[in-house]
>>> print(open('coords-v5.cif').read())   # mmCIF, C-alpha atoms (C1' of nucleotides)
data_target
#
loop_
_atom_site.group_PDB
_atom_site.id
_atom_site.type_symbol
_atom_site.label_atom_id
_atom_site.label_comp_id
_atom_site.auth_asym_id
_atom_site.auth_seq_id
_atom_site.Cartn_x
_atom_site.Cartn_y
_atom_site.Cartn_z
ATOM 1 C CA MET A 1 -14.330 11.795 -7.921
ATOM 2 C CA ARG A 2 -11.037 13.609 -7.430
ATOM 3 C CA LYS A 3 -10.942 16.242 -4.720
ATOM 4 C CA GLU A 4 -8.963 19.095 -6.204
ATOM 5 C CA ASN A 5 -8.084 20.467 -2.797
ATOM 6 C CA SER A 6 -7.056 17.366 -0.930
ATOM 7 C CA THR A 7 -3.463 17.178 0.208
ATOM 8 C CA ASN A 8 -3.190 14.204 -2.092
ATOM 9 C CA SER A 9 -4.057 16.286 -5.159
ATOM 10 C CA ILE A 10 -1.924 19.197 -4.024
ATOM 11 C CA ASN A 11 1.057 16.887 -3.591
ATOM 12 C CA GLU A 12 0.440 15.360 -6.983
ATOM 13 C CA ARG A 13 0.490 18.792 -8.605
ATOM 14 C CA TYR A 14 3.544 19.769 -6.594
ATOM 15 C CA LEU A 15 5.474 16.747 -7.836
ATOM 16 C CA HIS A 16 4.350 17.265 -11.433
ATOM 17 C CA LYS A 17 5.595 20.816 -11.319
ATOM 18 C CA LYS A 18 8.843 19.851 -9.663
ATOM 19 C CA CYS A 19 9.881 17.398 -12.346
ATOM 20 C CA ALA A 20 8.436 15.775 -15.452
ATOM 21 C CA LEU A 21 9.751 12.497 -14.081
ATOM 22 C CA ASN A 22 6.806 12.519 -11.709
ATOM 23 C CA VAL A 23 4.359 13.245 -14.514
ATOM 24 C CA ALA A 24 5.597 10.212 -16.396
ATOM 25 C CA ILE A 25 5.662 8.016 -13.310
ATOM 26 C CA ASP A 26 2.002 8.791 -12.629
ATOM 27 C CA ILE A 27 1.131 7.561 -16.107
ATOM 28 C CA ILE A 28 3.148 4.364 -16.295
ATOM 29 C CA GLY A 29 3.018 3.580 -12.586
ATOM 30 C CA VAL A 30 -0.637 2.614 -12.264
ATOM 31 C CA ARG A 31 -1.736 -0.965 -12.349
ATOM 32 C CA TRP A 32 -2.005 -2.653 -15.739
ATOM 33 C CA ALA A 33 -0.956 0.428 -17.722
ATOM 34 C CA SER A 34 2.575 -0.612 -18.662
ATOM 35 C CA GLN A 35 1.557 -4.202 -19.268
ATOM 36 C CA ILE A 36 -1.281 -3.110 -21.559
ATOM 37 C CA ILE A 37 1.028 -0.814 -23.527
ATOM 38 C CA PHE A 38 3.559 -3.598 -23.879
ATOM 39 C CA SER A 39 0.949 -6.171 -24.869
ATOM 40 C CA ILE A 40 -0.475 -3.878 -27.531
ATOM 41 C CA SER A 41 3.034 -3.415 -28.916
ATOM 42 C CA GLN A 42 3.265 -7.183 -29.212
ATOM 43 C CA GLY A 43 0.093 -7.411 -31.272
ATOM 44 C CA VAL A 44 -2.311 -8.121 -28.438
ATOM 45 C CA ASN A 45 -4.240 -5.154 -29.655
ATOM 46 C CA ARG A 46 -7.923 -5.944 -29.354
ATOM 47 C CA PHE A 47 -10.268 -5.864 -26.413
ATOM 48 C CA HIS A 48 -10.950 -9.576 -26.359
ATOM 49 C CA LEU A 49 -7.281 -10.431 -26.941
ATOM 50 C CA LEU A 50 -6.223 -8.307 -23.988
ATOM 51 C CA LYS A 51 -8.923 -10.008 -21.939
ATOM 52 C CA GLU A 52 -7.423 -13.388 -22.795
ATOM 53 C CA GLU A 53 -3.866 -12.247 -22.181
ATOM 54 C CA LEU A 54 -4.702 -10.741 -18.793
ATOM 55 C CA PRO A 55 -7.208 -13.219 -17.420
ATOM 56 C CA ASN A 56 -7.444 -11.500 -14.063
ATOM 57 C CA ILE A 57 -8.523 -8.128 -15.341
ATOM 58 C CA SER A 58 -12.231 -7.418 -15.452
ATOM 59 C CA GLU A 59 -13.840 -5.924 -18.530
ATOM 60 C CA GLN A 60 -14.734 -2.774 -16.686
ATOM 61 C CA VAL A 61 -11.187 -2.255 -15.467
ATOM 62 C CA LEU A 62 -9.704 -2.986 -18.890
ATOM 63 C CA SER A 63 -12.109 -0.558 -20.501
ATOM 64 C CA ARG A 64 -11.259 2.113 -17.974
ATOM 65 C CA LYS A 65 -7.516 1.713 -18.447
ATOM 66 C CA LEU A 66 -7.792 1.804 -22.236
ATOM 67 C CA LYS A 67 -9.853 4.958 -22.068
ATOM 68 C CA ILE A 68 -7.267 6.675 -19.892
ATOM 69 C CA LEU A 69 -4.396 5.656 -22.180
ATOM 70 C CA GLU A 70 -6.394 6.992 -25.094
ATOM 71 C CA LYS A 71 -6.952 10.313 -23.354
ATOM 72 C CA GLN A 72 -3.220 10.444 -22.642
ATOM 73 C CA LYS A 73 -2.592 9.958 -26.352
ATOM 74 C CA ILE A 74 -0.529 6.854 -25.761
ATOM 75 C CA ILE A 75 -2.881 4.630 -27.726
ATOM 76 C CA ILE A 76 -5.409 5.253 -30.475
ATOM 77 C CA LYS A 77 -8.617 3.340 -30.840
ATOM 78 C CA THR A 78 -9.465 2.439 -34.417
ATOM 79 C CA ILE A 79 -12.526 0.758 -35.783
ATOM 80 C CA ILE A 80 -11.786 -2.212 -38.011
ATOM 81 C CA PRO A 81 -13.769 -1.571 -41.214
ATOM 82 C CA ASP A 82 -16.466 -4.019 -42.306
ATOM 83 C CA SER A 83 -16.250 -6.109 -39.167
ATOM 84 C CA THR A 84 -19.221 -7.680 -37.446
ATOM 85 C CA PRO A 85 -19.622 -7.565 -34.597
ATOM 86 C CA ILE A 86 -17.847 -4.277 -34.815
ATOM 87 C CA GLY A 87 -14.109 -4.722 -34.188
ATOM 88 C CA VAL A 88 -11.815 -2.323 -32.454
ATOM 89 C CA ARG A 89 -8.043 -2.249 -32.686
ATOM 90 C CA TYR A 90 -5.732 -0.332 -30.424
ATOM 91 C CA ILE A 91 -2.467 0.998 -31.775
ATOM 92 C CA LEU A 92 0.339 2.865 -30.102
ATOM 93 C CA THR A 93 0.956 6.498 -30.941
ATOM 94 C CA SER A 94 4.558 7.551 -31.435
ATOM 95 C CA ARG A 95 4.470 8.776 -27.867
ATOM 96 C CA GLY A 96 3.419 5.283 -26.872
ATOM 97 C CA GLU A 97 6.166 3.704 -28.931
ATOM 98 C CA ASP A 98 8.729 5.962 -27.301
ATOM 99 C CA LEU A 99 7.969 4.147 -24.076
ATOM 100 C CA LEU A 100 9.076 0.752 -25.362
ATOM 101 C CA PRO A 101 12.847 1.200 -25.083
ATOM 102 C CA ILE A 102 12.308 2.714 -21.646
ATOM 103 C CA PHE A 103 10.298 -0.331 -20.639
ATOM 104 C CA GLU A 104 13.191 -2.499 -21.789
ATOM 105 C CA ASN A 105 15.504 -0.700 -19.402
ATOM 106 C CA ILE A 106 13.077 -0.763 -16.517
ATOM 107 C CA CYS A 107 12.515 -4.452 -17.131
ATOM 108 C CA GLU A 108 16.232 -5.213 -17.056
ATOM 109 C CA TRP A 109 16.545 -3.385 -13.781
ATOM 110 C CA GLY A 110 13.546 -5.274 -12.441
ATOM 111 C CA LYS A 111 15.102 -8.607 -13.367
ATOM 112 C CA SER A 112 18.258 -8.001 -11.389
ATOM 113 C CA TYR A 113 16.098 -6.795 -8.557
ATOM 114 C CA SER A 114 13.950 -9.931 -8.631
ATOM 115 C CA LEU A 115 17.015 -12.159 -8.565
ATOM 116 C CA ASP A 116 17.860 -10.872 -5.109
ATOM 117 C CA PHE A 117 14.403 -10.978 -3.635
ATOM 118 C CA GLU A 118 12.217 -13.645 -5.150
ATOM 119 C CA ASN A 119 14.896 -16.321 -4.683
ATOM 120 C CA MET B 120 -2.581 -4.370 6.314
ATOM 121 C CA ARG B 121 -2.235 -6.219 3.013
ATOM 122 C CA LYS B 122 -4.810 -8.927 2.329
ATOM 123 C CA GLU B 123 -2.895 -11.754 0.702
ATOM 124 C CA ASN B 124 -6.009 -13.165 -0.882
ATOM 125 C CA SER B 125 -7.647 -10.089 -2.253
ATOM 126 C CA THR B 126 -7.974 -9.884 -6.010
ATOM 127 C CA ASN B 127 -5.718 -6.884 -5.746
ATOM 128 C CA SER B 128 -2.880 -8.947 -4.264
ATOM 129 C CA ILE B 129 -3.477 -11.827 -6.628
ATOM 130 C CA ASN B 130 -3.295 -9.466 -9.588
ATOM 131 C CA GLU B 131 -0.136 -7.922 -8.231
ATOM 132 C CA ARG B 132 1.521 -11.316 -7.990
ATOM 133 C CA TYR B 133 0.238 -12.244 -11.435
ATOM 134 C CA LEU B 134 1.809 -9.156 -12.983
ATOM 135 C CA HIS B 135 5.086 -9.642 -11.140
ATOM 136 C CA LYS B 136 5.312 -13.164 -12.434
ATOM 137 C CA LYS B 137 4.378 -12.146 -15.948
ATOM 138 C CA CYS B 138 7.185 -9.623 -16.330
ATOM 139 C CA ALA B 139 9.869 -7.982 -14.207
ATOM 140 C CA LEU B 140 8.737 -4.701 -15.735
ATOM 141 C CA ASN B 141 5.783 -4.836 -13.377
ATOM 142 C CA VAL B 142 8.015 -5.558 -10.392
ATOM 143 C CA ALA B 143 10.061 -2.470 -11.131
ATOM 144 C CA ILE B 144 7.020 -0.328 -11.821
ATOM 145 C CA ASP B 145 5.570 -1.191 -8.419
ATOM 146 C CA ILE B 146 8.756 0.089 -6.790
ATOM 147 C CA ILE B 147 9.296 3.322 -8.669
ATOM 148 C CA GLY B 148 5.634 4.040 -9.327
ATOM 149 C CA VAL B 149 4.509 4.919 -5.810
ATOM 150 C CA ARG B 150 4.268 8.476 -4.672
ATOM 151 C CA TRP B 151 7.501 10.210 -3.632
ATOM 152 C CA ALA B 152 9.732 7.190 -4.274
ATOM 153 C CA SER B 153 11.374 8.323 -7.505
ATOM 154 C CA GLN B 154 11.659 11.905 -6.335
ATOM 155 C CA ILE B 155 13.320 10.803 -3.092
ATOM 156 C CA ILE B 156 15.797 8.589 -4.944
ATOM 157 C CA PHE B 157 16.611 11.427 -7.308
ATOM 158 C CA SER B 158 16.967 13.965 -4.503
ATOM 159 C CA ILE B 159 19.319 11.699 -2.569
ATOM 160 C CA SER B 160 21.429 11.319 -5.702
ATOM 161 C CA GLN B 161 21.680 15.109 -5.798
ATOM 162 C CA GLY B 162 23.014 15.299 -2.260
ATOM 163 C CA VAL B 163 19.704 15.930 -0.520
ATOM 164 C CA ASN B 164 20.524 12.929 1.580
ATOM 165 C CA ARG B 165 19.445 13.628 5.133
ATOM 166 C CA PHE B 166 16.068 13.470 6.778
ATOM 167 C CA HIS B 167 15.783 17.175 7.478
ATOM 168 C CA LEU B 168 17.110 18.098 4.022
ATOM 169 C CA LEU B 169 14.522 15.949 2.340
ATOM 170 C CA LYS B 170 11.881 17.556 4.538
ATOM 171 C CA GLU B 171 12.966 20.982 3.322
ATOM 172 C CA GLU B 172 13.175 19.906 -0.301
ATOM 173 C CA LEU B 173 9.730 18.326 -0.227
ATOM 174 C CA PRO B 174 7.769 20.693 1.979
ATOM 175 C CA ASN B 175 4.494 18.922 1.430
ATOM 176 C CA ILE B 176 5.579 15.544 2.700
ATOM 177 C CA SER B 177 4.915 14.787 6.346
ATOM 178 C CA GLU B 178 7.611 13.291 8.543
ATOM 179 C CA GLN B 179 5.672 10.085 8.967
ATOM 180 C CA VAL B 180 5.254 9.643 5.227
ATOM 181 C CA LEU B 181 8.910 10.454 4.546
ATOM 182 C CA SER B 182 10.002 8.031 7.224
ATOM 183 C CA ARG B 183 7.783 5.317 5.785
ATOM 184 C CA LYS B 184 9.060 5.812 2.249
ATOM 185 C CA LEU B 185 12.702 5.785 3.343
ATOM 186 C CA LYS B 186 12.152 2.576 5.259
ATOM 187 C CA ILE B 187 10.619 0.880 2.241
ATOM 188 C CA LEU B 188 13.464 1.996 -0.042
ATOM 189 C CA GLU B 189 15.901 0.662 2.513
ATOM 190 C CA LYS B 190 14.155 -2.703 2.624
ATOM 191 C CA GLN B 191 14.266 -2.775 -1.162
ATOM 192 C CA LYS B 192 18.017 -2.204 -0.978
ATOM 193 C CA ILE B 193 17.813 0.935 -3.069
ATOM 194 C CA ILE B 194 19.163 3.145 -0.313
ATOM 195 C CA ILE B 195 21.317 2.524 2.746
ATOM 196 C CA LYS B 196 20.925 4.390 5.991
ATOM 197 C CA THR B 197 24.212 5.327 7.615
ATOM 198 C CA ILE B 198 24.844 6.981 10.935
ATOM 199 C CA ILE B 199 27.120 9.995 10.750
ATOM 200 C CA PRO B 200 29.821 9.359 13.379
ATOM 201 C CA ASP B 201 30.249 11.753 16.294
ATOM 202 C CA SER B 202 27.223 13.817 15.425
ATOM 203 C CA THR B 203 24.882 15.345 17.938
ATOM 204 C CA PRO B 204 22.016 15.172 17.710
ATOM 205 C CA ILE B 205 22.661 11.919 15.971
ATOM 206 C CA GLY B 206 22.829 12.400 12.218
ATOM 207 C CA VAL B 207 21.695 10.018 9.549
ATOM 208 C CA ARG B 208 22.750 10.002 5.925
ATOM 209 C CA TYR B 209 21.077 8.104 3.139
ATOM 210 C CA ILE B 210 23.137 6.863 0.223
ATOM 211 C CA LEU B 211 22.151 5.037 -2.921
ATOM 212 C CA THR B 212 23.178 1.435 -3.396
ATOM 213 C CA SER B 213 24.476 0.464 -6.821
ATOM 214 C CA ARG B 214 21.004 -0.830 -7.517
ATOM 215 C CA GLY B 215 19.717 2.613 -6.664
ATOM 216 C CA GLU B 216 22.285 4.288 -8.870
ATOM 217 C CA ASP B 217 21.296 2.060 -11.756
ATOM 218 C CA LEU B 218 17.937 3.799 -11.678
ATOM 219 C CA LEU B 219 19.355 7.240 -12.421
ATOM 220 C CA PRO B 220 19.909 6.873 -16.177
ATOM 221 C CA ILE B 221 16.468 5.274 -16.422
ATOM 222 C CA PHE B 222 14.973 8.249 -14.612
ATOM 223 C CA GLU B 223 16.680 10.517 -17.149
ATOM 224 C CA ASN B 224 14.889 8.714 -19.960
ATOM 225 C CA ILE B 225 11.544 8.670 -18.207
ATOM 226 C CA CYS B 226 11.932 12.355 -17.459
ATOM 227 C CA GLU B 227 12.659 13.204 -21.087
ATOM 228 C CA TRP B 228 9.576 11.321 -22.129
ATOM 229 C CA GLY B 229 7.570 13.121 -19.463
ATOM 230 C CA LYS B 230 8.733 16.494 -20.728
ATOM 231 C CA SER B 231 7.511 15.939 -24.249
ATOM 232 C CA TYR B 232 4.306 14.637 -22.766
ATOM 233 C CA SER B 233 3.844 17.713 -20.601
ATOM 234 C CA LEU B 234 4.376 20.028 -23.558
ATOM 235 C CA ASP B 235 1.173 18.726 -25.124
ATOM 236 C CA PHE B 236 -0.958 18.714 -22.036
ATOM 237 C CA GLU B 237 0.027 21.309 -19.489
ATOM 238 C CA ASN B 238 0.125 24.127 -22.100
ATOM 239 C "C1'" DA C 239 -36.494 -16.555 -31.955
ATOM 240 C "C1'" DC C 240 -32.370 -17.437 -29.452
ATOM 241 C "C1'" DA C 241 -27.649 -17.821 -28.395
ATOM 242 C "C1'" DA C 242 -23.103 -16.051 -29.185
ATOM 243 C "C1'" DT C 243 -19.554 -12.536 -29.816
ATOM 244 C "C1'" DA C 244 -17.248 -7.898 -29.466
ATOM 245 C "C1'" DA C 245 -17.004 -4.091 -26.895
ATOM 246 C "C1'" DC C 246 -18.375 -1.762 -23.756
ATOM 247 C "C1'" DT C 247 -20.949 1.178 -19.217
ATOM 248 C "C1'" DA C 248 -23.006 2.445 -14.659
ATOM 249 C "C1'" DA C 249 -23.450 2.097 -9.773
ATOM 250 C "C1'" DC C 250 -21.321 0.344 -6.192
ATOM 251 C "C1'" DA C 251 -17.997 -1.918 -2.750
ATOM 252 C "C1'" DA C 252 -13.474 -3.340 -1.182
ATOM 253 C "C1'" DA C 253 -8.818 -2.526 -0.630
ATOM 254 C "C1'" DA C 254 -4.736 0.015 -0.619
ATOM 255 C "C1'" DT C 255 -2.237 4.175 -0.455
ATOM 256 C "C1'" DT C 256 -1.553 8.480 1.412
ATOM 257 C "C1'" DG C 257 -1.848 11.912 4.905
ATOM 258 C "C1'" DT C 258 -2.779 13.807 10.131
ATOM 259 C "C1'" DG C 259 -1.980 14.868 14.883
ATOM 260 C "C1'" DA C 260 0.290 13.951 18.592
ATOM 261 C "C1'" DG C 261 4.052 12.191 20.914
ATOM 262 C "C1'" DC C 262 8.922 10.168 21.768
ATOM 263 C "C1'" DT C 263 14.375 10.040 22.575
ATOM 264 C "C1'" DA C 264 18.662 11.998 23.002
ATOM 265 C "C1'" DT C 265 21.846 15.742 23.123
ATOM 266 C "C1'" DA C 266 23.385 20.431 23.592
ATOM 267 C "C1'" DA C 267 23.025 25.315 23.799
ATOM 268 C "C1'" DA C 268 20.861 29.575 26.134
ATOM 269 C "C1'" DT D 269 15.356 24.411 32.992
ATOM 270 C "C1'" DT D 270 13.441 25.421 28.889
ATOM 271 C "C1'" DT D 271 14.105 25.280 24.029
ATOM 272 C "C1'" DA D 272 15.936 23.576 19.827
ATOM 273 C "C1'" DT D 273 17.374 20.044 16.519
ATOM 274 C "C1'" DA D 274 17.530 15.433 14.280
ATOM 275 C "C1'" DG D 275 15.076 11.629 13.457
ATOM 276 C "C1'" DC D 276 11.845 9.198 14.174
ATOM 277 C "C1'" DT D 277 6.859 6.107 15.701
ATOM 278 C "C1'" DC D 278 1.898 5.228 16.743
ATOM 279 C "C1'" DA D 279 -3.066 5.001 15.938
ATOM 280 C "C1'" DC D 280 -6.140 6.696 13.042
ATOM 281 C "C1'" DA D 281 -8.756 9.035 9.074
ATOM 282 C "C1'" DA D 282 -9.294 10.645 4.303
ATOM 283 C "C1'" DT D 283 -8.640 9.818 -0.313
ATOM 284 C "C1'" DT D 284 -7.826 7.284 -4.254
ATOM 285 C "C1'" DT D 285 -7.358 3.173 -6.761
ATOM 286 C "C1'" DT D 286 -8.926 -1.140 -7.898
ATOM 287 C "C1'" DG D 287 -12.306 -4.640 -8.492
ATOM 288 C "C1'" DT D 288 -17.584 -6.560 -8.779
ATOM 289 C "C1'" DT D 289 -22.121 -7.304 -10.518
ATOM 290 C "C1'" DA D 290 -25.179 -6.769 -13.635
ATOM 291 C "C1'" DG D 291 -26.470 -4.782 -17.316
ATOM 292 C "C1'" DT D 292 -26.320 -2.617 -22.743
ATOM 293 C "C1'" DT D 293 -25.936 -2.410 -28.180
ATOM 294 C "C1'" DA D 294 -25.395 -4.336 -32.442
ATOM 295 C "C1'" DT D 295 -24.741 -8.075 -35.504
ATOM 296 C "C1'" DT D 296 -24.403 -12.857 -37.218
ATOM 297 C "C1'" DG D 297 -25.140 -17.774 -37.133
ATOM 298 C "C1'" DT D 298 -28.451 -21.643 -35.884
#
>>> encode(input="coords-v5.cif", output="structure tokens")
Amino acid sequence: MRKENSTNSINERYLHKKCALNVAIDIIGVRWASQIIFSISQGVNRFHLLKEELPNISEQVLSRKLKILEKQKIIIKTIIPDSTPIGVRYILTSRGEDLLPIFENICEWGKSYSLDFEN
Amino acid sequence: MRKENSTNSINERYLHKKCALNVAIDIIGVRWASQIIFSISQGVNRFHLLKEELPNISEQVLSRKLKILEKQKIIIKTIIPDSTPIGVRYILTSRGEDLLPIFENICEWGKSYSLDFEN
DNA sequence: ACAATAACTAACAAAATTGTGAGCTATAAA
DNA sequence: TTTATAGCTCACAATTTTGTTAGTTATTGT
């Protein structure tokens, strides 16, 4: 899937090495990721709930994004005991929770930005 | 270039409307953008200096990114008077400067993240 | 037996971002 | 007059991300 030797990949690695800012940006900067993390923090923490909350996301895309966030240790997938059909709940790790105050700041910045442009 | 009626565009608009967090993320989350803003804040504020600092970026890509940041009113392009060949200097707007403390936080988060993964 | 629900997955296609190669303008120094 | 520097722009191609369609498993309720 990913070509390790494309300029694209080389540039990605270059930026990651240059500054951890770029590492973080590549995690939170992809579509849906920040919104999913925020939604989970608000209690929208199950597959079908996220599907309702984000009506335009397909199941395959949601599944993919959750899997990536899990691999990045930002969320943990837990099985709800004694549930049928089997229930899954996603919770934030402490690393995931550390993002929430940052999101607050980014959001504030975004609001003042939107004021100028969307109106 | 951009298809206004693709699901991709519709989803983008949906997320922007849902929360300004997603507006901001779409600005700072594209390749090179955050690094360029940070570099300019450090005095690497001319076209050729940025080219040196980021050896893997092509002139066309750098030019494109600067133009977008200018349109977003994050940087301002100023002509250096009485310079030959004509010199250009990029400076951050106050909106651009407001990003710097946020970048600090994101960077800190990225560092602790990298500790777990890159080593 | 059949539909419904939760939570996926695989193969594929479309769209968007990112990068390439060549060329341009203007000025000045060698 | 050729070369160098600063700062670009164009048309195009490669790569990556994002979205689509059609399934699957397992269990419960009807």
>>> resolve_selection(input="coords-v5.cif", expression="the PyMOL selection byres ((chain C) within 9 of (chain A))", output="list in words")
DT243, DA244, DA245, DC246, DT247, DT256 and DG257 of chain C
>>> calpha_fit_and_write(input="coords-v5.cif", fixed="chain B", moving="chain A", output="mmCIF file with C-alpha atoms, in the frame of the given file")
data_model
loop_
_atom_site.group_PDB
_atom_site.id
_atom_site.type_symbol
_atom_site.label_atom_id
_atom_site.label_comp_id
_atom_site.auth_asym_id
_atom_site.auth_seq_id
_atom_site.Cartn_x
_atom_site.Cartn_y
_atom_site.Cartn_z
ATOM 1 C CA MET A 1 -2.495 -4.592 6.456
ATOM 2 C CA ARG A 2 -2.224 -6.345 3.105
ATOM 3 C CA LYS A 3 -4.793 -9.021 2.381
ATOM 4 C CA GLU A 4 -2.856 -11.806 0.723
ATOM 5 C CA ASN A 5 -5.963 -13.217 -0.896
ATOM 6 C CA SER A 6 -7.629 -10.128 -2.251
ATOM 7 C CA THR A 7 -7.967 -9.884 -6.002
ATOM 8 C CA ASN A 8 -5.726 -6.866 -5.721
ATOM 9 C CA SER A 9 -2.875 -8.913 -4.245
ATOM 10 C CA ILE A 10 -3.460 -11.798 -6.622
ATOM 11 C CA ASN A 11 -3.288 -9.434 -9.587
ATOM 12 C CA GLU A 12 -0.142 -7.862 -8.224
ATOM 13 C CA ARG A 13 1.524 -11.264 -7.979
ATOM 14 C CA TYR A 14 0.242 -12.211 -11.412
ATOM 15 C CA LEU A 15 1.808 -9.129 -12.977
ATOM 16 C CA HIS A 16 5.087 -9.609 -11.109
ATOM 17 C CA LYS A 17 5.320 -13.134 -12.409
ATOM 18 C CA LYS A 18 4.385 -12.130 -15.922
ATOM 19 C CA CYS A 19 7.176 -9.610 -16.313
ATOM 20 C CA ALA A 20 9.862 -7.965 -14.203
ATOM 21 C CA LEU A 21 8.738 -4.684 -15.728
ATOM 22 C CA ASN A 22 5.787 -4.808 -13.367
ATOM 23 C CA VAL A 23 8.011 -5.537 -10.384
ATOM 24 C CA ALA A 24 10.051 -2.447 -11.134
ATOM 25 C CA ILE A 25 7.006 -0.303 -11.829
ATOM 26 C CA ASP A 26 5.567 -1.166 -8.416
ATOM 27 C CA ILE A 27 8.748 0.104 -6.792
ATOM 28 C CA ILE A 28 9.299 3.346 -8.667
ATOM 29 C CA GLY A 29 5.634 4.063 -9.330
ATOM 30 C CA VAL A 30 4.509 4.947 -5.816
ATOM 31 C CA ARG A 31 4.279 8.503 -4.665
ATOM 32 C CA TRP A 32 7.494 10.243 -3.640
ATOM 33 C CA ALA A 33 9.722 7.219 -4.286
ATOM 34 C CA SER A 34 11.380 8.348 -7.512
ATOM 35 C CA GLN A 35 11.676 11.926 -6.327
ATOM 36 C CA ILE A 36 13.322 10.814 -3.079
ATOM 37 C CA ILE A 37 15.791 8.601 -4.945
ATOM 38 C CA PHE A 38 16.622 11.443 -7.293
ATOM 39 C CA SER A 39 16.970 13.977 -4.488
ATOM 40 C CA ILE A 40 19.309 11.701 -2.560
ATOM 41 C CA SER A 41 21.429 11.335 -5.693
ATOM 42 C CA GLN A 42 21.688 15.111 -5.791
ATOM 43 C CA GLY A 43 23.009 15.308 -2.245
ATOM 44 C CA VAL A 44 19.708 15.919 -0.500
ATOM 45 C CA ASN A 45 20.542 12.934 1.597
ATOM 46 C CA ARG A 46 19.435 13.641 5.140
ATOM 47 C CA PHE A 47 16.059 13.462 6.791
ATOM 48 C CA HIS A 48 15.780 17.157 7.507
ATOM 49 C CA LEU A 49 17.123 18.099 4.066
ATOM 50 C CA LEU A 50 14.514 15.947 2.358
ATOM 51 C CA LYS A 51 11.895 17.556 4.579
ATOM 52 C CA GLU A 52 12.983 20.981 3.356
ATOM 53 C CA GLU A 53 13.176 19.904 -0.268
ATOM 54 C CA LEU A 54 9.720 18.323 -0.210
ATOM 55 C CA PRO A 55 7.786 20.724 1.980
ATOM 56 C CA ASN A 56 4.495 18.944 1.455
ATOM 57 C CA ILE A 57 5.580 15.572 2.728
ATOM 58 C CA SER A 58 4.902 14.787 6.360
ATOM 59 C CA GLU A 59 7.591 13.312 8.572
ATOM 60 C CA GLN A 60 5.664 10.113 8.992
ATOM 61 C CA VAL A 61 5.252 9.648 5.257
ATOM 62 C CA LEU A 62 8.898 10.468 4.563
ATOM 63 C CA SER A 63 10.003 8.018 7.219
ATOM 64 C CA ARG A 64 7.776 5.323 5.797
ATOM 65 C CA LYS A 65 9.039 5.809 2.253
ATOM 66 C CA LEU A 66 12.679 5.777 3.341
ATOM 67 C CA LYS A 67 12.137 2.578 5.264
ATOM 68 C CA ILE A 68 10.608 0.879 2.239
ATOM 69 C CA LEU A 69 13.441 1.997 -0.051
ATOM 70 C CA GLU A 70 15.881 0.669 2.508
ATOM 71 C CA LYS A 71 14.133 -2.692 2.621
ATOM 72 C CA GLN A 72 14.247 -2.757 -1.179
ATOM 73 C CA LYS A 73 17.994 -2.195 -0.980
ATOM 74 C CA ILE A 74 17.797 0.941 -3.070
ATOM 75 C CA ILE A 75 19.160 3.149 -0.311
ATOM 76 C CA ILE A 76 21.310 2.520 2.741
ATOM 77 C CA LYS A 77 20.932 4.371 5.984
ATOM 78 C CA THR A 78 24.221 5.315 7.601
ATOM 79 C CA ILE A 79 24.858 6.955 10.913
ATOM 80 C CA ILE A 80 27.129 9.977 10.723
ATOM 81 C CA PRO A 81 29.841 9.350 13.341
ATOM 82 C CA ASP A 82 30.272 11.759 16.251
ATOM 83 C CA SER A 83 27.210 13.799 15.396
ATOM 84 C CA THR A 84 24.855 15.278 17.950
ATOM 85 C CA PRO A 85 21.989 15.106 17.722
ATOM 86 C CA ILE A 86 22.656 11.860 15.982
ATOM 87 C CA GLY A 87 22.842 12.372 12.205
ATOM 88 C CA VAL A 88 21.696 9.993 9.550
ATOM 89 C CA ARG A 89 22.740 10.002 5.917
ATOM 90 C CA TYR A 90 21.072 8.095 3.139
ATOM 91 C CA ILE A 91 23.125 6.857 0.222
ATOM 92 C CA LEU A 92 22.138 5.021 -2.910
ATOM 93 C CA THR A 93 23.167 1.417 -3.392
ATOM 94 C CA SER A 94 24.450 0.448 -6.819
ATOM 95 C CA ARG A 95 20.974 -0.839 -7.526
ATOM 96 C CA GLY A 96 19.702 2.613 -6.657
ATOM 97 C CA GLU A 97 22.272 4.284 -8.866
ATOM 98 C CA ASP A 98 21.283 2.053 -11.759
ATOM 99 C CA LEU A 99 17.932 3.796 -11.685
ATOM 100 C CA LEU A 100 19.355 7.235 -12.430
ATOM 101 C CA PRO A 101 19.907 6.862 -16.179
ATOM 102 C CA ILE A 102 16.468 5.278 -16.422
ATOM 103 C CA PHE A 103 14.986 8.263 -14.627
ATOM 104 C CA GLU A 104 16.688 10.510 -17.166
ATOM 105 C CA ASN A 105 14.896 8.720 -19.971
ATOM 106 C CA ILE A 106 11.554 8.683 -18.225
ATOM 107 C CA CYS A 107 11.953 12.369 -17.482
ATOM 108 C CA GLU A 108 12.667 13.206 -21.114
ATOM 109 C CA TRP A 109 9.577 11.329 -22.159
ATOM 110 C CA GLY A 110 7.581 13.132 -19.490
ATOM 111 C CA LYS A 111 8.750 16.512 -20.752
ATOM 112 C CA SER A 112 7.514 15.939 -24.272
ATOM 113 C CA TYR A 113 4.309 14.640 -22.797
ATOM 114 C CA SER A 114 3.850 17.731 -20.631
ATOM 115 C CA LEU A 115 4.401 20.021 -23.600
ATOM 116 C CA ASP A 116 1.237 18.693 -25.195
ATOM 117 C CA PHE A 117 -0.951 18.701 -22.138
ATOM 118 C CA GLU A 118 -0.001 21.348 -19.631
ATOM 119 C CA ASN A 119 0.065 24.071 -22.302
#
>>> residues_near_point(input="coords-v5.cif", point="(8.5, 15.9, 10.6)", cutoff="12 Å", atoms="all atoms listed in the file", output="number ranges by chain")
B: 166-171, 173-183; C: 258-261; D: 273-277
>>> axis_aligned_box(input="coords-v5.cif", around="stretch 107-110 of chain A", padding_each_side="3 Å", output="AutoDock Vina command-line options")
--center_x 14.5 --center_y -4.3 --center_z -14.8 --size_x 10.0 --size_y 7.9 --size_z 10.7
